[in-house]
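Undergrad: I'm passing along final-v9.pdb; it holds PDB, C-alpha atoms.
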```pdb
ATOM      1  CA  MET A   1       0.000   0.000   0.000
ATOM      2  CA  THR A   2       1.120   3.434  -0.692
ATOM      3  CA  GLN A   3       1.041   6.095   1.913
ATOM      4  CA  THR A   4      -1.229   8.975   1.100
ATOM      5  CA  ALA A   5      -0.608  12.475   2.354
ATOM      6  CA  ALA A   6      -3.662  12.309   4.631
ATOM      7  CA  GLU A   7      -2.599   9.137   6.497
ATOM      8  CA  PRO A   8      -0.259   9.437   9.440
ATOM      9  CA  ALA A   9       2.690   7.042   9.742
ATOM     10  CA  SER A  10       1.005   4.997  12.516
ATOM     11  CA  VAL A  11      -1.929   4.122  10.218
ATOM     12  CA  THR A  12       0.471   3.053   7.501
ATOM     13  CA  ALA A  13       2.407   0.893   9.990
ATOM     14  CA  ALA A  14      -0.878  -0.655  11.159
ATOM     15  CA  ARG A  15      -1.830  -1.484   7.531
ATOM     16  CA  ILE A  16       1.545  -3.144   6.995
ATOM     17  CA  GLU A  17       1.141  -5.170  10.206
ATOM     18  CA  VAL A  18      -2.381  -6.257   9.146
ATOM     19  CA  GLU A  19      -1.039  -7.457   5.762
ATOM     20  CA  ARG A  20       1.782  -9.367   7.447
ATOM     21  CA  ARG A  21      -0.617 -11.055   9.883
ATOM     22  CA  ARG A  22      -3.050 -11.841   7.053
ATOM     23  CA  GLY A  23      -0.200 -13.564   5.196
ATOM     24  CA  ASP A  24       0.714 -15.542   8.330
ATOM     25  CA  LEU A  25      -2.938 -16.584   8.770
ATOM     26  CA  LEU A  26      -3.195 -17.708   5.146
ATOM     27  CA  ASP A  27       0.000 -19.741   5.521
ATOM     28  CA  THR A  28      -1.469 -21.426   8.606
ATOM     29  CA  VAL A  29      -4.730 -22.143   6.751
ATOM     30  CA  HIS A  30      -2.832 -23.735   3.842
ATOM     31  CA  LEU A  31      -0.810 -25.838   6.271
ATOM     32  CA  LEU A  32      -3.996 -27.030   8.019
ATOM     33  CA  GLN A  33      -5.622 -27.842   4.674
ATOM     34  CA  ALA A  34      -2.644 -29.989   3.755
ATOM     35  CA  ARG A  35      -2.704 -31.774   7.129
ATOM     36  CA  LEU A  36      -6.471 -32.362   7.069
ATOM     37  CA  ALA A  37      -6.685 -33.546   3.469
ATOM     38  CA  PRO A  38      -8.359 -36.976   3.297
ATOM     39  CA  ARG A  39      -5.373 -38.523   1.527
ATOM     40  CA  THR A  40      -3.010 -37.269   4.230
ATOM     41  CA  LEU A  41      -5.306 -38.436   7.039
ATOM     42  CA  ALA A  42      -5.620 -41.894   5.448
ATOM     43  CA  ALA A  43      -1.862 -42.195   4.974
ATOM     44  CA  ASP A  44      -1.237 -41.170   8.585
ATOM     45  CA  ALA A  45      -3.837 -43.625   9.898
ATOM     46  CA  TRP A  46      -2.330 -46.447   7.808
ATOM     47  CA  GLU A  47       1.153 -45.668   9.083
ATOM     48  CA  GLN A  48      -0.040 -45.639  12.694
ATOM     49  CA  ALA A  49      -1.876 -48.952  12.215
ATOM     50  CA  LYS A  50       1.237 -50.560  10.739
ATOM     51  CA  ASN A  51       3.357 -49.334  13.629
ATOM     52  CA  LYS A  52       0.824 -50.528  16.212
ATOM     53  CA  GLY A  53       0.581 -53.934  14.514
ATOM     54  CA  ALA A  54       4.350 -54.295  14.455
ATOM     55  CA  ASP A  55       4.513 -53.371  18.149
ATOM     56  CA  LEU A  56       1.843 -55.938  19.033
ATOM     57  CA  ALA A  57       3.631 -58.635  17.041
ATOM     58  CA  GLU A  58       6.902 -57.903  18.791
ATOM     59  CA  GLU A  59       5.208 -58.073  22.188
ATOM     60  CA  ALA A  60       3.539 -61.375  21.265
ATOM     61  CA  VAL A  61       6.849 -62.884  20.150
ATOM     62  CA  ASP A  62       8.504 -61.745  23.375
ATOM     63  CA  ALA A  63       5.673 -63.254  25.441
ATOM     64  CA  VAL A  64       5.933 -66.588  23.609
ATOM     65  CA  LYS A  65       9.695 -66.640  24.104
ATOM     66  CA  ALA A  66       9.198 -66.011  27.806
ATOM     67  CA  ARG A  67       6.642 -68.854  28.272
ATOM     68  CA  PRO A  68       6.790 -71.335  25.379
ATOM     69  CA  VAL A  69       5.121 -74.213  27.260
ATOM     70  CA  ALA A  70       2.113 -72.145  28.289
ATOM     71  CA  PHE A  71       1.565 -70.869  24.774
ATOM     72  CA  GLY A  72       2.004 -74.375  23.382
ATOM     73  CA  GLY A  73      -0.752 -75.576  25.672
ATOM     74  CA  VAL A  74      -3.015 -72.724  24.644
ATOM     75  CA  ALA A  75      -2.357 -73.443  20.967
ATOM     76  CA  ALA A  76      -3.109 -77.143  21.501
ATOM     77  CA  ALA A  77      -6.352 -76.315  23.320
ATOM     78  CA  ILE A  78      -7.458 -74.015  20.514
ATOM     79  CA  ALA A  79      -6.584 -76.642  17.890
ATOM     80  CA  MET A  80      -8.557 -79.290  19.781
ATOM     81  CA  PHE A  81     -11.530 -76.960  20.105
ATOM     82  CA  LEU A  82     -11.522 -76.216  16.383
ATOM     83  CA  ALA A  83     -11.125 -79.907  15.465
ATOM     84  CA  ARG A  84     -13.517 -81.312  18.080
ATOM     85  CA  GLU A  85     -15.893 -82.970  15.577
ATOM     86  CA  PRO A  86     -13.199 -84.910  13.645
ATOM     87  CA  ILE A  87     -11.555 -85.919  16.944
ATOM     88  CA  LYS A  88     -14.890 -87.129  18.316
ATOM     89  CA  ASP A  89     -15.608 -89.100  15.118
ATOM     90  CA  ALA A  90     -12.152 -90.708  15.224
ATOM     91  CA  ALA A  91     -12.597 -91.676  18.891
ATOM     92  CA  VAL A  92     -15.975 -93.259  18.149
ATOM     93  CA  LYS A  93     -14.518 -95.238  15.243
ATOM     94  CA  ILE A  94     -11.617 -96.458  17.367
ATOM     95  CA  TYR A  95     -13.978 -97.450  20.201
ATOM     96  CA  ASP A  96     -16.304 -99.248  17.798
ATOM     97  CA  ALA A  97     -13.374-101.102  16.238
ATOM     98  CA  MET A  98     -12.054-102.168  19.640
ATOM     99  CA  THR A  99     -15.405-103.331  21.013
ATOM    100  CA  ALA A 100     -16.766-105.012  17.869
ATOM    101  CA  LYS A 101     -17.688-108.666  18.343
ATOM    102  CA  PRO A 102     -16.186-111.064  15.843
ATOM    103  CA  ASP A 103     -18.756-112.430  13.422
ATOM    104  CA  THR A 104     -18.841-116.228  13.840
ATOM    105  CA  LYS A 105     -21.544-116.904  11.261
ATOM    106  CA  LYS A 106     -20.554-117.794   7.763
ATOM    107  CA  ARG A 107     -21.810-115.351   5.236
ATOM    108  CA  ALA A 108     -23.060-116.208   1.818
ATOM    109  CA  PRO A 109     -20.681-115.213  -0.961
ATOM    110  CA  ALA A 110     -21.427-111.886  -2.568
ATOM    111  CA  LEU A 111     -23.242-111.905  -5.863
ATOM    112  CA  ASN A 112     -21.582-110.589  -8.965
ATOM    113  CA  THR A 113     -23.092-107.420 -10.314
ATOM    114  CA  GLN A 114     -24.368-109.331 -13.338
ATOM    115  CA  ASP A 115     -26.157-111.850 -11.085
ATOM    116  CA  GLN A 116     -27.909-109.258  -8.924
ATOM    117  CA  PRO A 117     -31.632-108.818  -9.514
ATOM    118  CA  ASP A 118     -32.999-105.457 -10.534
ATOM    119  CA  PRO A 119     -34.086-103.289  -7.641
ATOM    120  CA  PRO A 120     -37.839-103.107  -7.097
ATOM    121  CA  ALA A 121     -39.663-100.343  -8.920
ATOM    122  CA  PRO A 122     -40.725 -97.414  -6.724
ATOM    123  CA  ARG A 123     -44.334 -97.458  -5.595
ATOM    124  CA  PRO A 124     -46.645 -94.780  -6.857
ATOM    125  CA  ALA A 125     -47.784 -92.312  -4.226
ATOM    126  CA  ARG A 126     -51.130 -93.100  -2.605
ATOM    127  CA  ALA A 127     -53.887 -90.794  -3.630
ATOM    128  CA  ARG A 128     -55.761 -89.243  -0.755
ATOM    129  CA  ARG A 129     -59.483 -89.453  -0.670
ATOM    130  CA  ALA A 130     -61.485 -86.289  -0.747
ATOM    131  CA  SER A 131     -63.645 -85.576   2.252
ATOM    132  CA  PRO A 132     -67.332 -86.023   1.393
ATOM    133  CA  LYS A 133     -68.337 -82.811   3.181
ATOM    134  CA  THR A 134     -65.569 -80.374   2.169
ATOM    135  CA  GLY A 135     -63.982 -81.990  -0.823
ATOM    136  CA  SER A 136     -60.541 -81.388   0.677
ATOM    137  CA  THR A 137     -57.814 -83.992   1.134
ATOM    138  CA  ARG A 138     -57.220 -83.184   4.794
ATOM    139  CA  SER A 139     -57.146 -86.000   7.280
ATOM    140  CA  ARG A 140     -60.365 -87.158   8.897
ATOM    141  CA  ARG A 141     -59.533 -86.171  12.434
ATOM    142  CA  ALA A 142     -62.342 -84.816  14.513
ATOM    143  CA  SER A 143     -62.265 -81.070  14.743
ATOM    144  CA  PRO A 144     -62.569 -79.442  18.157
ATOM    145  CA  LYS A 145     -66.073 -78.210  17.270
ATOM    146  CA  THR A 146     -67.337 -81.720  16.555
ATOM    147  CA  GLU A 147     -69.496 -83.094  19.320
ATOM    148  CA  ILE A 148     -69.747 -86.777  20.030
ATOM    149  CA  VAL A 149     -73.323 -87.757  20.844
ATOM    150  CA  THR A 150     -73.996 -91.024  22.654
TER     151      THR A 150
END
```
Since I need it in another form, could you write the structure as structure tokens?
TA:
Amino acid sequence: MTQTAAEPASVTAARIEVERRRGDLLDTVHLLQARLAPRTLAADAWEQAKNKGADLAEEAVDAVKARPVAFGGVAAAIAMFLAREPIKDAAVKIYDAMTAKPDTKKRAPALNTQDQPDPPAPRPARARRASPKTGSTRSRRASPKTEIVT
């Protein structure tokens, strides 16, 4: 700004100070915009998550090194919990095999596939009778409203 003849020097100095402060404020605003940009926030969050994950992994490794037997037991318990159905099935098969009675009867020799008779044809489904009163195929149970007279 240029100083006019009517302005005293203090007003001119105040205008210069206002312009300098306005420039500082705009610099701060631009800096905040750069820091608060979504891309910057996402990159910062990703970096913090990676660091936190690495710290947790290091702590977990240190804990396992300190107590390997305890963590081995925990891992075995988790594995047994996750595989409980196959373990149960295997135990049942082993028990059945150990307690099976030997078959003393002689069995007839198996037929060859050419000698086997054809399987019986499937039966047709039974048709349901229609009710004489309603014409529906519902069962003939007595309804709750039906009275039995003796």
Undergrad: Could you jot down the CA of Ala79 (chain A) to CA of Ala91 (chain A) separation for me, Å, one decimal place?
TA: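 Between CA of Ala79 (chain A) and CA of Ala91 (chain A) the gap works out to 16.2 Å.
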Undergrad: Report the distance between CA of Met80 (chain A) and CA of Ile94 (chain A) in Å, rounded to one decimal place.
TA: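 Between CA of Met80 (chain A) and CA of Ile94 (chain A) the gap works out to 17.6 Å.
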Undergrad: Just to confirm, what's the straight-line distance from CA of Phe71 (chain A) to CA of Leu56 (chain A) in Å (one decimal)?
TA: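 Interatomic distance, CA of Phe71 (chain A) to CA of Leu56 (chain A): 16.0 Å.
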Undergrad: For Arg35 (chain A), find every residue with an atom within 10 Å (counting only C-alpha atoms), except residues of its own chain fewer than 6 positions away, and show them as a list in words.
TA: Val29, Leu41 and Asp44 of chain A
